[in-house]
Every structure is written in structure tokens, then in C-alpha cells.
$ cat target.txt   # compact mmCIF, N, CA and C atoms
# COMPACT_ATOMS: atom_id res chain seq x y z
N MET C 6 135.27 138.00 173.52
CA MET C 6 135.00 139.22 172.80
C MET C 6 136.32 139.90 172.46
N ARG C 7 136.37 140.46 171.26
CA ARG C 7 137.59 141.11 170.80
C ARG C 7 137.23 142.38 170.03
N TYR C 8 137.96 143.43 170.28
CA TYR C 8 137.77 144.71 169.58
C TYR C 8 139.07 145.05 168.86
N GLU C 9 138.97 145.35 167.58
CA GLU C 9 140.15 145.75 166.81
C GLU C 9 139.80 146.96 165.96
N ARG C 10 140.72 147.90 165.90
CA ARG C 10 140.50 149.07 165.06
C ARG C 10 141.83 149.74 164.75
N ASN C 11 141.92 150.30 163.55
CA ASN C 11 143.09 151.07 163.14
C ASN C 11 142.74 152.56 163.19
N PHE C 12 143.68 153.35 163.68
CA PHE C 12 143.49 154.78 163.80
C PHE C 12 144.61 155.50 163.06
N GLN C 13 144.28 156.60 162.45
CA GLN C 13 145.29 157.45 161.81
C GLN C 13 145.59 158.58 162.80
N ILE C 14 146.82 158.63 163.30
CA ILE C 14 147.24 159.63 164.25
C ILE C 14 148.02 160.70 163.49
N GLY C 15 147.50 161.90 163.48
CA GLY C 15 148.14 163.00 162.77
C GLY C 15 148.55 164.12 163.73
N ARG C 16 148.89 165.25 163.15
CA ARG C 16 149.38 166.38 163.93
C ARG C 16 148.34 166.86 164.95
N ARG C 17 147.09 167.00 164.53
CA ARG C 17 146.06 167.49 165.46
C ARG C 17 145.87 166.55 166.65
N GLU C 18 145.87 165.26 166.40
CA GLU C 18 145.70 164.29 167.48
C GLU C 18 146.88 164.33 168.44
N LEU C 19 148.08 164.44 167.90
CA LEU C 19 149.26 164.52 168.75
C LEU C 19 149.26 165.80 169.59
N ILE C 20 148.86 166.91 169.00
CA ILE C 20 148.81 168.17 169.76
C ILE C 20 147.77 168.06 170.87
N ARG C 21 146.59 167.52 170.56
CA ARG C 21 145.56 167.37 171.60
C ARG C 21 146.06 166.49 172.75
N PHE C 22 146.72 165.39 172.40
CA PHE C 22 147.21 164.48 173.44
C PHE C 22 148.26 165.16 174.32
N HIS C 23 149.27 165.75 173.71
CA HIS C 23 150.35 166.34 174.50
C HIS C 23 149.90 167.60 175.25
N PHE C 24 148.99 168.37 174.67
CA PHE C 24 148.45 169.54 175.37
C PHE C 24 147.64 169.09 176.58
N GLY C 25 146.85 168.04 176.42
CA GLY C 25 146.10 167.49 177.55
C GLY C 25 147.01 167.02 178.66
N GLN C 26 148.10 166.36 178.28
CA GLN C 26 149.08 165.92 179.28
C GLN C 26 149.67 167.12 180.02
N ALA C 27 150.06 168.14 179.28
CA ALA C 27 150.65 169.34 179.89
C ALA C 27 149.66 170.00 180.84
N MET C 28 148.40 170.07 180.45
CA MET C 28 147.40 170.70 181.32
C MET C 28 147.19 169.89 182.60
N ARG C 29 147.16 168.58 182.49
CA ARG C 29 147.00 167.77 183.70
C ARG C 29 148.18 167.94 184.64
N GLU C 30 149.38 168.07 184.09
CA GLU C 30 150.57 168.19 184.92
C GLU C 30 150.75 169.59 185.50
N LYS C 31 150.34 170.62 184.80
CA LYS C 31 150.68 171.98 185.17
C LYS C 31 149.49 172.84 185.58
N PHE C 32 148.30 172.30 185.60
CA PHE C 32 147.12 173.12 185.84
C PHE C 32 147.14 173.76 187.23
N LEU C 33 147.51 173.02 188.26
CA LEU C 33 147.54 173.61 189.60
C LEU C 33 148.55 174.75 189.69
N GLY C 34 149.69 174.61 189.04
CA GLY C 34 150.67 175.69 189.01
C GLY C 34 150.14 176.91 188.26
N MET C 35 149.38 176.65 187.19
CA MET C 35 148.78 177.75 186.44
C MET C 35 147.76 178.49 187.29
N ILE C 36 146.98 177.75 188.06
CA ILE C 36 146.00 178.37 188.96
C ILE C 36 146.74 179.19 190.01
N GLY C 37 147.83 178.67 190.54
CA GLY C 37 148.62 179.42 191.53
C GLY C 37 149.15 180.73 190.97
N LEU C 38 149.69 180.69 189.77
CA LEU C 38 150.19 181.92 189.14
C LEU C 38 149.05 182.89 188.86
N SER C 39 147.90 182.38 188.50
CA SER C 39 146.75 183.25 188.23
C SER C 39 146.24 183.90 189.51
N VAL C 40 146.27 183.17 190.62
CA VAL C 40 145.90 183.76 191.91
C VAL C 40 146.92 184.84 192.29
N ALA C 41 148.19 184.58 192.03
CA ALA C 41 149.21 185.61 192.29
C ALA C 41 148.95 186.86 191.46
N ALA C 42 148.54 186.69 190.21
CA ALA C 42 148.20 187.84 189.36
C ALA C 42 147.01 188.59 189.94
N LEU C 43 146.03 187.87 190.44
CA LEU C 43 144.86 188.47 191.07
C LEU C 43 145.29 189.34 192.25
N LEU C 44 146.18 188.82 193.08
CA LEU C 44 146.67 189.57 194.23
C LEU C 44 147.51 190.78 193.81
N ILE C 45 148.29 190.62 192.76
CA ILE C 45 149.10 191.74 192.26
C ILE C 45 148.20 192.87 191.77
N VAL C 46 147.14 192.52 191.07
CA VAL C 46 146.18 193.54 190.63
C VAL C 46 145.60 194.26 191.83
N TYR C 47 145.22 193.50 192.85
CA TYR C 47 144.67 194.10 194.06
C TYR C 47 145.66 195.08 194.69
N LEU C 48 146.91 194.63 194.82
CA LEU C 48 147.92 195.48 195.44
C LEU C 48 148.19 196.74 194.62
N TYR C 49 148.28 196.61 193.30
CA TYR C 49 148.51 197.78 192.46
C TYR C 49 147.38 198.79 192.58
N VAL C 50 146.16 198.31 192.52
CA VAL C 50 145.01 199.23 192.56
C VAL C 50 144.91 199.90 193.92
N THR C 51 145.11 199.15 194.99
CA THR C 51 144.96 199.73 196.33
C THR C 51 146.17 200.57 196.75
N ARG C 52 147.36 200.16 196.42
CA ARG C 52 148.56 200.87 196.87
C ARG C 52 148.90 202.09 196.02
N LEU C 53 148.49 202.11 194.78
CA LEU C 53 148.78 203.25 193.93
C LEU C 53 147.75 204.37 194.11
N GLY C 54 146.77 204.11 194.93
CA GLY C 54 145.78 205.13 195.22
C GLY C 54 144.82 205.39 194.07
N LEU C 55 144.65 204.41 193.20
CA LEU C 55 143.71 204.55 192.10
C LEU C 55 142.28 204.52 192.66
N THR C 56 141.44 205.38 192.15
CA THR C 56 140.07 205.39 192.62
C THR C 56 139.28 204.34 191.87
N ALA C 57 138.81 203.36 192.60
CA ALA C 57 138.02 202.28 192.02
C ALA C 57 137.00 201.84 193.05
N THR C 58 135.81 201.60 192.58
CA THR C 58 134.79 201.07 193.49
C THR C 58 135.11 199.60 193.77
N ARG C 59 134.42 199.06 194.73
CA ARG C 59 134.64 197.65 195.08
C ARG C 59 134.33 196.76 193.88
N GLY C 60 133.28 197.05 193.15
CA GLY C 60 132.91 196.27 191.96
C GLY C 60 133.98 196.36 190.88
N GLN C 61 134.52 197.57 190.68
CA GLN C 61 135.58 197.72 189.68
C GLN C 61 136.83 196.96 190.10
N LEU C 62 137.17 197.03 191.37
CA LEU C 62 138.34 196.31 191.88
C LEU C 62 138.17 194.80 191.66
N ILE C 63 136.99 194.28 191.99
CA ILE C 63 136.74 192.84 191.80
C ILE C 63 136.81 192.49 190.31
N ALA C 64 136.26 193.34 189.46
CA ALA C 64 136.30 193.09 188.02
C ALA C 64 137.74 193.07 187.52
N TRP C 65 138.57 194.00 187.95
CA TRP C 65 139.98 194.03 187.55
C TRP C 65 140.72 192.79 188.05
N MET C 66 140.42 192.37 189.28
CA MET C 66 141.08 191.19 189.83
C MET C 66 140.69 189.93 189.03
N ILE C 67 139.40 189.80 188.71
CA ILE C 67 138.95 188.65 187.92
C ILE C 67 139.59 188.69 186.53
N LEU C 68 139.66 189.87 185.94
CA LEU C 68 140.28 190.01 184.63
C LEU C 68 141.76 189.61 184.67
N GLY C 69 142.47 190.02 185.72
CA GLY C 69 143.88 189.63 185.87
C GLY C 69 144.04 188.12 185.98
N PHE C 70 143.15 187.49 186.76
CA PHE C 70 143.18 186.03 186.92
C PHE C 70 142.93 185.33 185.58
N VAL C 71 141.86 185.73 184.90
CA VAL C 71 141.47 185.08 183.65
C VAL C 71 142.53 185.30 182.56
N MET C 72 143.03 186.52 182.45
CA MET C 72 144.03 186.81 181.43
C MET C 72 145.32 186.03 181.67
N THR C 73 145.73 185.93 182.93
CA THR C 73 146.94 185.16 183.24
C THR C 73 146.75 183.69 182.90
N LEU C 74 145.62 183.14 183.29
CA LEU C 74 145.34 181.73 183.01
C LEU C 74 145.27 181.49 181.49
N ALA C 75 144.62 182.39 180.77
CA ALA C 75 144.51 182.24 179.31
C ALA C 75 145.87 182.36 178.64
N CYS C 76 146.69 183.29 179.08
CA CYS C 76 148.02 183.45 178.48
C CYS C 76 148.90 182.24 178.76
N LEU C 77 148.83 181.71 179.96
CA LEU C 77 149.61 180.50 180.27
C LEU C 77 149.15 179.32 179.42
N ALA C 78 147.84 179.13 179.29
CA ALA C 78 147.32 178.02 178.47
C ALA C 78 147.72 178.20 177.01
N ALA C 79 147.62 179.43 176.50
CA ALA C 79 148.01 179.69 175.11
C ALA C 79 149.50 179.44 174.92
N GLY C 80 150.31 179.81 175.90
CA GLY C 80 151.74 179.57 175.80
C GLY C 80 152.07 178.09 175.77
N PHE C 81 151.41 177.30 176.61
CA PHE C 81 151.64 175.86 176.60
C PHE C 81 151.17 175.25 175.28
N TYR C 82 150.03 175.73 174.77
CA TYR C 82 149.52 175.20 173.50
C TYR C 82 150.51 175.48 172.38
N LEU C 83 151.01 176.70 172.31
CA LEU C 83 151.99 177.04 171.27
C LEU C 83 153.25 176.20 171.40
N GLN C 84 153.72 176.03 172.62
CA GLN C 84 154.92 175.22 172.85
C GLN C 84 154.70 173.79 172.38
N VAL C 85 153.57 173.20 172.72
CA VAL C 85 153.27 171.82 172.31
C VAL C 85 153.13 171.73 170.79
N ALA C 86 152.41 172.68 170.20
CA ALA C 86 152.19 172.65 168.75
C ALA C 86 153.51 172.76 168.00
N LEU C 87 154.40 173.63 168.44
CA LEU C 87 155.70 173.76 167.78
C LEU C 87 156.54 172.51 167.96
N HIS C 88 156.50 171.92 169.14
CA HIS C 88 157.27 170.70 169.39
C HIS C 88 156.77 169.55 168.50
N VAL C 89 155.45 169.38 168.40
CA VAL C 89 154.89 168.32 167.57
C VAL C 89 155.24 168.56 166.11
N ARG C 90 155.10 169.79 165.66
CA ARG C 90 155.40 170.12 164.26
C ARG C 90 156.87 169.82 163.95
N ARG C 91 157.78 170.24 164.85
CA ARG C 91 159.21 169.97 164.63
C ARG C 91 159.50 168.47 164.62
N SER C 92 158.89 167.74 165.54
CA SER C 92 159.13 166.29 165.61
C SER C 92 158.66 165.59 164.35
N LEU C 93 157.48 165.94 163.87
CA LEU C 93 156.97 165.30 162.66
C LEU C 93 157.82 165.67 161.45
N ARG C 94 158.25 166.93 161.39
CA ARG C 94 159.10 167.36 160.27
C ARG C 94 160.45 166.63 160.32
N LYS C 95 160.99 166.44 161.51
CA LYS C 95 162.27 165.75 161.66
C LYS C 95 162.16 164.30 161.21
N LEU C 96 161.02 163.67 161.48
CA LEU C 96 160.80 162.28 161.07
C LEU C 96 160.32 162.16 159.63
N HIS C 97 160.05 163.29 158.98
CA HIS C 97 159.58 163.32 157.59
C HIS C 97 158.27 162.57 157.43
N VAL C 98 157.35 162.73 158.40
CA VAL C 98 156.03 162.11 158.33
C VAL C 98 154.97 163.16 158.69
N THR C 99 153.75 162.88 158.29
CA THR C 99 152.63 163.75 158.69
C THR C 99 151.76 163.07 159.74
N GLY C 100 152.01 161.82 159.99
CA GLY C 100 151.26 161.05 160.97
C GLY C 100 151.64 159.58 160.88
N TYR C 101 150.90 158.76 161.57
CA TYR C 101 151.17 157.32 161.53
C TYR C 101 149.88 156.57 161.83
N GLU C 102 149.88 155.30 161.48
CA GLU C 102 148.72 154.45 161.75
C GLU C 102 148.97 153.68 163.03
N GLN C 103 147.91 153.58 163.83
CA GLN C 103 148.00 152.86 165.10
C GLN C 103 146.90 151.80 165.12
N ALA C 104 147.27 150.55 165.33
CA ALA C 104 146.31 149.46 165.42
C ALA C 104 146.12 149.09 166.88
N VAL C 105 144.87 149.05 167.30
CA VAL C 105 144.55 148.73 168.70
C VAL C 105 143.69 147.47 168.72
N ALA C 106 144.05 146.54 169.59
CA ALA C 106 143.27 145.32 169.79
C ALA C 106 143.04 145.14 171.28
N VAL C 107 141.78 144.96 171.66
CA VAL C 107 141.43 144.72 173.06
C VAL C 107 140.74 143.37 173.11
N ASP C 108 141.26 142.48 173.96
CA ASP C 108 140.65 141.17 174.12
C ASP C 108 140.65 140.81 175.60
N GLY C 109 140.39 139.59 175.91
CA GLY C 109 140.31 139.15 177.31
C GLY C 109 141.63 139.21 178.06
N PHE C 110 142.75 139.35 177.36
CA PHE C 110 144.06 139.38 178.00
C PHE C 110 144.56 140.79 178.25
N GLY C 111 143.98 141.79 177.57
CA GLY C 111 144.43 143.16 177.74
C GLY C 111 144.37 143.94 176.45
N VAL C 112 145.27 144.90 176.35
CA VAL C 112 145.31 145.81 175.20
C VAL C 112 146.62 145.61 174.47
N ARG C 113 146.53 145.57 173.12
CA ARG C 113 147.72 145.47 172.30
C ARG C 113 147.68 146.62 171.29
N VAL C 114 148.77 147.39 171.24
CA VAL C 114 148.85 148.53 170.34
C VAL C 114 150.07 148.33 169.44
N THR C 115 149.85 148.51 168.12
CA THR C 115 150.94 148.40 167.16
C THR C 115 151.02 149.70 166.38
N ALA C 116 152.22 150.28 166.35
CA ALA C 116 152.45 151.52 165.60
C ALA C 116 153.90 151.55 165.16
N ASN C 117 154.12 151.96 163.92
CA ASN C 117 155.47 152.07 163.37
C ASN C 117 156.28 150.79 163.51
N GLY C 118 155.61 149.66 163.35
CA GLY C 118 156.32 148.37 163.41
C GLY C 118 156.64 147.91 164.82
N ARG C 119 156.23 148.64 165.82
CA ARG C 119 156.49 148.25 167.22
C ARG C 119 155.18 147.91 167.89
N GLU C 120 155.24 146.93 168.78
CA GLU C 120 154.02 146.49 169.46
C GLU C 120 154.19 146.61 170.97
N ALA C 121 153.13 147.05 171.62
CA ALA C 121 153.11 147.13 173.08
C ALA C 121 151.90 146.36 173.58
N ARG C 122 152.10 145.59 174.64
CA ARG C 122 151.01 144.81 175.25
C ARG C 122 150.88 145.24 176.70
N LEU C 123 149.64 145.33 177.13
CA LEU C 123 149.38 145.77 178.50
C LEU C 123 148.16 145.03 179.03
N GLY C 124 148.35 144.35 180.15
CA GLY C 124 147.24 143.65 180.79
C GLY C 124 146.33 144.64 181.48
N PHE C 125 145.09 144.25 181.71
CA PHE C 125 144.14 145.16 182.33
C PHE C 125 144.57 145.58 183.73
N ASP C 126 145.29 144.70 184.43
CA ASP C 126 145.74 145.05 185.78
C ASP C 126 146.83 146.13 185.78
N LYS C 127 147.43 146.39 184.65
CA LYS C 127 148.49 147.39 184.54
C LYS C 127 148.02 148.73 183.97
N LEU C 128 146.75 148.82 183.59
CA LEU C 128 146.24 150.07 183.03
C LEU C 128 146.31 151.17 184.08
N TYR C 129 146.87 152.28 183.70
CA TYR C 129 147.02 153.42 184.60
C TYR C 129 145.82 154.36 184.50
N LEU C 130 145.39 154.64 183.27
CA LEU C 130 144.32 155.60 183.07
C LEU C 130 143.62 155.33 181.76
N VAL C 131 142.31 155.38 181.77
CA VAL C 131 141.51 155.31 180.56
C VAL C 131 140.68 156.58 180.55
N ARG C 132 140.77 157.32 179.45
CA ARG C 132 140.12 158.63 179.40
C ARG C 132 139.51 158.84 178.02
N GLU C 133 138.30 159.42 178.01
CA GLU C 133 137.63 159.71 176.75
C GLU C 133 137.31 161.19 176.68
N THR C 134 137.61 161.80 175.54
CA THR C 134 137.23 163.17 175.28
C THR C 134 136.21 163.16 174.15
N ARG C 135 135.79 164.35 173.71
CA ARG C 135 134.86 164.41 172.59
C ARG C 135 135.44 163.81 171.31
N GLN C 136 136.75 163.99 171.12
CA GLN C 136 137.36 163.53 169.88
C GLN C 136 138.19 162.27 170.03
N ASP C 137 138.66 161.97 171.24
CA ASP C 137 139.66 160.91 171.39
C ASP C 137 139.31 159.97 172.55
N PHE C 138 139.96 158.81 172.50
CA PHE C 138 139.86 157.83 173.57
C PHE C 138 141.29 157.41 173.90
N TYR C 139 141.70 157.60 175.15
CA TYR C 139 143.09 157.33 175.55
C TYR C 139 143.13 156.15 176.51
N ILE C 140 144.09 155.26 176.28
CA ILE C 140 144.35 154.14 177.19
C ILE C 140 145.77 154.29 177.67
$ encode --input "target.txt" --output "C-alpha cells"
Amino acid sequence: MRYERNFQIGRRELIRFHFGQAMREKFLGMIGLSVAALLIVYLYVTRLGLTATRGQLIAWMILGFVMTLACLAAGFYLQVALHVRRSLRKLHVTGYEQAVAVDGFGVRVTANGREARLGFDKLYLVRETRQDFYI
């Protein structure tokens, strides 16, 4: 059995790939910073003598956590998007074609005149999202 297909890789696909990589690598750190923001909100509200009910305090703490996490994710997304845009502009391309062949020996990928071969025993990660399939 053999599977072959050509894919057009453009700016959106590259951004999704690199943003996903960044999130996998940095997500625990982002959660840690968001927990720190939650604690900072708690300390500010309690130490400054602000009058807040327990429910309001919890709501402010959750808001601090969510806002910090959202700002960090947005910052990483912007950083990745700018990097991809600059790289494509530097190469004077808007995307590239990638040919993938899977057979009994493994996976073969050809892009930009270069070919990579990988046996099934060497596969590190296979992942599928709603829009993409990564090997």
C-alpha cells in the first residue's frame, strides 16, 4: 500500500505549525506565570485593604489568570506570525509545495528540491488537528 499527496504550504499553515510548537514548548511556563498573576491579584486585593467579598476576590483572581494566559498566547502568536511573514518575504515566496509519500518503508517528504526519508521506527510524533496532519 502506498499513499502519495502534494500539499501547498502557505503562511497560514506555517503560522499554525510554529504556534503549535511554541505552545507545546511553553505552555507549562505560561500556566506558571498565570498562577503568579492570580496570586498577585490576591495579594493586591487583600493587602491594599480593598473591600471585596469572597466571590469578588475569586472573580478577580480568575480574571487575572485568564487575562495573563490570553496575553501570553497572543504575544507568542504575534511573534510567530511576524517571524513567518519576515521569513517568507526574505525568501521572496508566499509558500511552497510539499510532496508526501508513505509506503511500507516509511515516510518520504520532498519540498523545495530537497528530500527527507524517515523510517517508521524513527517517527517521533504524529499529530492531527482540525486543519492539519503532522508527521
$ atom_distance --input "target.txt" --atom1 "CA of Asn117 (chain C)" --atom2 "CA of Ile140 (chain C)"
17.9 Å
$ atom_distance --input "target.txt" --atom1 "atom C of Val46 (chain C)" --atom2 "CA of Ala27 (chain C)"
28.1 Å
$ residues_around --input "target.txt" --residues "Asn11 (chain C)" --least-positions-apart "5" --cutoff "8 Å" --atoms "only C-alpha atoms" --output "ChimeraX atom specification"
/C:102-105
$ write_last_selection --input "target.txt" --atoms "N, CA and C atoms" --output "mmCIF file, in the frame of the given file"
data_model
loop_
_atom_site.group_PDB
_atom_site.id
_atom_site.type_symbol
_atom_site.label_atom_id
_atom_site.label_comp_id
_atom_site.auth_asym_id
_atom_site.auth_seq_id
_atom_site.Cartn_x
_atom_site.Cartn_y
_atom_site.Cartn_z
ATOM 1 N N GLU C 102 149.880 155.300 161.480
ATOM 2 C CA GLU C 102 148.720 154.450 161.750
ATOM 3 C C GLU C 102 148.970 153.680 163.030
ATOM 4 N N GLN C 103 147.910 153.580 163.830
ATOM 5 C CA GLN C 103 148.000 152.860 165.100
ATOM 6 C C GLN C 103 146.900 151.800 165.120
ATOM 7 N N ALA C 104 147.270 150.550 165.330
ATOM 8 C CA ALA C 104 146.310 149.460 165.420
ATOM 9 C C ALA C 104 146.120 149.090 166.880
ATOM 10 N N VAL C 105 144.870 149.050 167.300
ATOM 11 C CA VAL C 105 144.550 148.730 168.700
ATOM 12 C C VAL C 105 143.690 147.470 168.720
#
$ residues_around --input "target.txt" --residues "Phe81 (chain C)" --least-positions-apart "2" --cutoff "12 Å" --atoms "only C-alpha atoms" --output "PDB file with N, CA and C atoms, in the frame of the given file"
ATOM      1  N   ILE C  20     148.860 166.910 169.000  1.00  0.00           N
ATOM      2  CA  ILE C  20     148.810 168.170 169.760  1.00  0.00           C
ATOM      3  C   ILE C  20     147.770 168.060 170.870  1.00  0.00           C
ATOM      4  N   ARG C  21     146.590 167.520 170.560  1.00  0.00           N
ATOM      5  CA  ARG C  21     145.560 167.370 171.600  1.00  0.00           C
ATOM      6  C   ARG C  21     146.060 166.490 172.750  1.00  0.00           C
ATOM      7  N   HIS C  23     149.270 165.750 173.710  1.00  0.00           N
ATOM      8  CA  HIS C  23     150.350 166.340 174.500  1.00  0.00           C
ATOM      9  C   HIS C  23     149.900 167.600 175.250  1.00  0.00           C
ATOM     10  N   PHE C  24     148.990 168.370 174.670  1.00  0.00           N
ATOM     11  CA  PHE C  24     148.450 169.540 175.370  1.00  0.00           C
ATOM     12  C   PHE C  24     147.640 169.090 176.580  1.00  0.00           C
ATOM     13  N   GLY C  25     146.850 168.040 176.420  1.00  0.00           N
ATOM     14  CA  GLY C  25     146.100 167.490 177.550  1.00  0.00           C
ATOM     15  C   GLY C  25     147.010 167.020 178.660  1.00  0.00           C
ATOM     16  N   GLN C  26     148.100 166.360 178.280  1.00  0.00           N
ATOM     17  CA  GLN C  26     149.080 165.920 179.280  1.00  0.00           C
ATOM     18  C   GLN C  26     149.670 167.120 180.020  1.00  0.00           C
ATOM     19  N   ALA C  27     150.060 168.140 179.280  1.00  0.00           N
ATOM     20  CA  ALA C  27     150.650 169.340 179.890  1.00  0.00           C
ATOM     21  C   ALA C  27     149.660 170.000 180.840  1.00  0.00           C
ATOM     22  N   MET C  28     148.400 170.070 180.450  1.00  0.00           N
ATOM     23  CA  MET C  28     147.400 170.700 181.320  1.00  0.00           C
ATOM     24  C   MET C  28     147.190 169.890 182.600  1.00  0.00           C
ATOM     25  N   ARG C  29     147.160 168.580 182.490  1.00  0.00           N
ATOM     26  CA  ARG C  29     147.000 167.770 183.700  1.00  0.00           C
ATOM     27  C   ARG C  29     148.180 167.940 184.640  1.00  0.00           C
ATOM     28  N   GLU C  30     149.380 168.070 184.090  1.00  0.00           N
ATOM     29  CA  GLU C  30     150.570 168.190 184.920  1.00  0.00           C
ATOM     30  C   GLU C  30     150.750 169.590 185.500  1.00  0.00           C
ATOM     31  N   LYS C  31     150.340 170.620 184.800  1.00  0.00           N
ATOM     32  CA  LYS C  31     150.680 171.980 185.170  1.00  0.00           C
ATOM     33  C   LYS C  31     149.490 172.840 185.580  1.00  0.00           C
ATOM     34  N   PHE C  32     148.300 172.300 185.600  1.00  0.00           N
ATOM     35  CA  PHE C  32     147.120 173.120 185.840  1.00  0.00           C
ATOM     36  C   PHE C  32     147.140 173.760 187.230  1.00  0.00           C
ATOM     37  N   MET C  35     149.380 176.650 187.190  1.00  0.00           N
ATOM     38  CA  MET C  35     148.780 177.750 186.440  1.00  0.00           C
ATOM     39  C   MET C  35     147.760 178.490 187.290  1.00  0.00           C
ATOM     40  N   LEU C  74     145.620 183.140 183.290  1.00  0.00           N
ATOM     41  CA  LEU C  74     145.340 181.730 183.010  1.00  0.00           C
ATOM     42  C   LEU C  74     145.270 181.490 181.490  1.00  0.00           C
ATOM     43  N   ALA C  75     144.620 182.390 180.770  1.00  0.00           N
ATOM     44  CA  ALA C  75     144.510 182.240 179.310  1.00  0.00           C
ATOM     45  C   ALA C  75     145.870 182.360 178.640  1.00  0.00           C
ATOM     46  N   CYS C  76     146.690 183.290 179.080  1.00  0.00           N
ATOM     47  CA  CYS C  76     148.020 183.450 178.480  1.00  0.00           C
ATOM     48  C   CYS C  76     148.900 182.240 178.760  1.00  0.00           C
ATOM     49  N   LEU C  77     148.830 181.710 179.960  1.00  0.00           N
ATOM     50  CA  LEU C  77     149.610 180.500 180.270  1.00  0.00           C
ATOM     51  C   LEU C  77     149.150 179.320 179.420  1.00  0.00           C
ATOM     52  N   ALA C  78     147.840 179.130 179.290  1.00  0.00           N
ATOM     53  CA  ALA C  78     147.320 178.020 178.470  1.00  0.00           C
ATOM     54  C   ALA C  78     147.720 178.200 177.010  1.00  0.00           C
ATOM     55  N   ALA C  79     147.620 179.430 176.500  1.00  0.00           N
ATOM     56  CA  ALA C  79     148.010 179.690 175.110  1.00  0.00           C
ATOM     57  C   ALA C  79     149.500 179.440 174.920  1.00  0.00           C
ATOM     58  N   LEU C  83     151.010 176.700 172.310  1.00  0.00           N
ATOM     59  CA  LEU C  83     151.990 177.040 171.270  1.00  0.00           C
ATOM     60  C   LEU C  83     153.250 176.200 171.400  1.00  0.00           C
ATOM     61  N   GLN C  84     153.720 176.030 172.620  1.00  0.00           N
ATOM     62  CA  GLN C  84     154.920 175.220 172.850  1.00  0.00           C
ATOM     63  C   GLN C  84     154.700 173.790 172.380  1.00  0.00           C
ATOM     64  N   VAL C  85     153.570 173.200 172.720  1.00  0.00           N
ATOM     65  CA  VAL C  85     153.270 171.820 172.310  1.00  0.00           C
ATOM     66  C   VAL C  85     153.130 171.730 170.790  1.00  0.00           C
ATOM     67  N   ALA C  86     152.410 172.680 170.200  1.00  0.00           N
ATOM     68  CA  ALA C  86     152.190 172.650 168.750  1.00  0.00           C
ATOM     69  C   ALA C  86     153.510 172.760 168.000  1.00  0.00           C
ATOM     70  N   LEU C  87     154.400 173.630 168.440  1.00  0.00           N
ATOM     71  CA  LEU C  87     155.700 173.760 167.780  1.00  0.00           C
ATOM     72  C   LEU C  87     156.540 172.510 167.960  1.00  0.00           C
ATOM     73  N   HIS C  88     156.500 171.920 169.140  1.00  0.00           N
ATOM     74  CA  HIS C  88     157.270 170.700 169.390  1.00  0.00           C
ATOM     75  C   HIS C  88     156.770 169.550 168.500  1.00  0.00           C
TER      76      HIS C  88
END
$ atom_distance --input "target.txt" --atom1 "CA of Gly69 (chain C)" --atom2 "CA of Ser39 (chain C)"
7.4 Å
$ axis_aligned_box --input "target.txt" --around "region 126-140 of chain C" --padding-each-side "5 Å" --output "AutoDock Vina command-line options"
--center_x 141.7 --center_y 154.6 --center_z 177.8 --size_x 23.6 --size_y 29.7 --size_z 25.9
$ select_by_dssp --input "target.txt" --residues "chain C" --states "alpha helix (DSSP H)" --output "ChimeraX atom specification"
/C:16-52,59-96
$ residues_around --input "target.txt" --residues "region 54-65 of chain C" --least-positions-apart "6" --cutoff "12 Å" --atoms "only C-alpha atoms" --output "PDB file with N, CA and C atoms, in the frame of the given file"
ATOM      1  N   ALA C  42     148.540 186.690 190.210  1.00  0.00           N
ATOM      2  CA  ALA C  42     148.200 187.840 189.360  1.00  0.00           C
ATOM      3  C   ALA C  42     147.010 188.590 189.940  1.00  0.00           C
ATOM      4  N   LEU C  43     146.030 187.870 190.440  1.00  0.00           N
ATOM      5  CA  LEU C  43     144.860 188.470 191.070  1.00  0.00           C
ATOM      6  C   LEU C  43     145.290 189.340 192.250  1.00  0.00           C
ATOM      7  N   LEU C  44     146.180 188.820 193.080  1.00  0.00           N
ATOM      8  CA  LEU C  44     146.670 189.570 194.230  1.00  0.00           C
ATOM      9  C   LEU C  44     147.510 190.780 193.810  1.00  0.00           C
ATOM     10  N   ILE C  45     148.290 190.620 192.760  1.00  0.00           N
ATOM     11  CA  ILE C  45     149.100 191.740 192.260  1.00  0.00           C
ATOM     12  C   ILE C  45     148.200 192.870 191.770  1.00  0.00           C
ATOM     13  N   VAL C  46     147.140 192.520 191.070  1.00  0.00           N
ATOM     14  CA  VAL C  46     146.180 193.540 190.630  1.00  0.00           C
ATOM     15  C   VAL C  46     145.600 194.260 191.830  1.00  0.00           C
ATOM     16  N   TYR C  47     145.220 193.500 192.850  1.00  0.00           N
ATOM     17  CA  TYR C  47     144.670 194.100 194.060  1.00  0.00           C
ATOM     18  C   TYR C  47     145.660 195.080 194.690  1.00  0.00           C
ATOM     19  N   LEU C  48     146.910 194.630 194.820  1.00  0.00           N
ATOM     20  CA  LEU C  48     147.920 195.480 195.440  1.00  0.00           C
ATOM     21  C   LEU C  48     148.190 196.740 194.620  1.00  0.00           C
ATOM     22  N   VAL C  71     141.860 185.730 184.900  1.00  0.00           N
ATOM     23  CA  VAL C  71     141.470 185.080 183.650  1.00  0.00           C
ATOM     24  C   VAL C  71     142.530 185.300 182.560  1.00  0.00           C
ATOM     25  N   MET C  72     143.030 186.520 182.450  1.00  0.00           N
ATOM     26  CA  MET C  72     144.030 186.810 181.430  1.00  0.00           C
ATOM     27  C   MET C  72     145.320 186.030 181.670  1.00  0.00           C
TER      28      MET C  72
END
$ select_by_dssp --input "target.txt" --residues "chain C" --states "strand (DSSP E or B)" --output "ChimeraX atom specification"
/C:8-15,100-108,111-116,119-123,132-133,138-139
$ closest_residue --input "target.txt" --among "C:Tyr129, C:Phe70, C:Tyr101, C:Tyr139" --to "Arg16 (chain C)" --atoms "only C-alpha atoms"
C:Tyr101
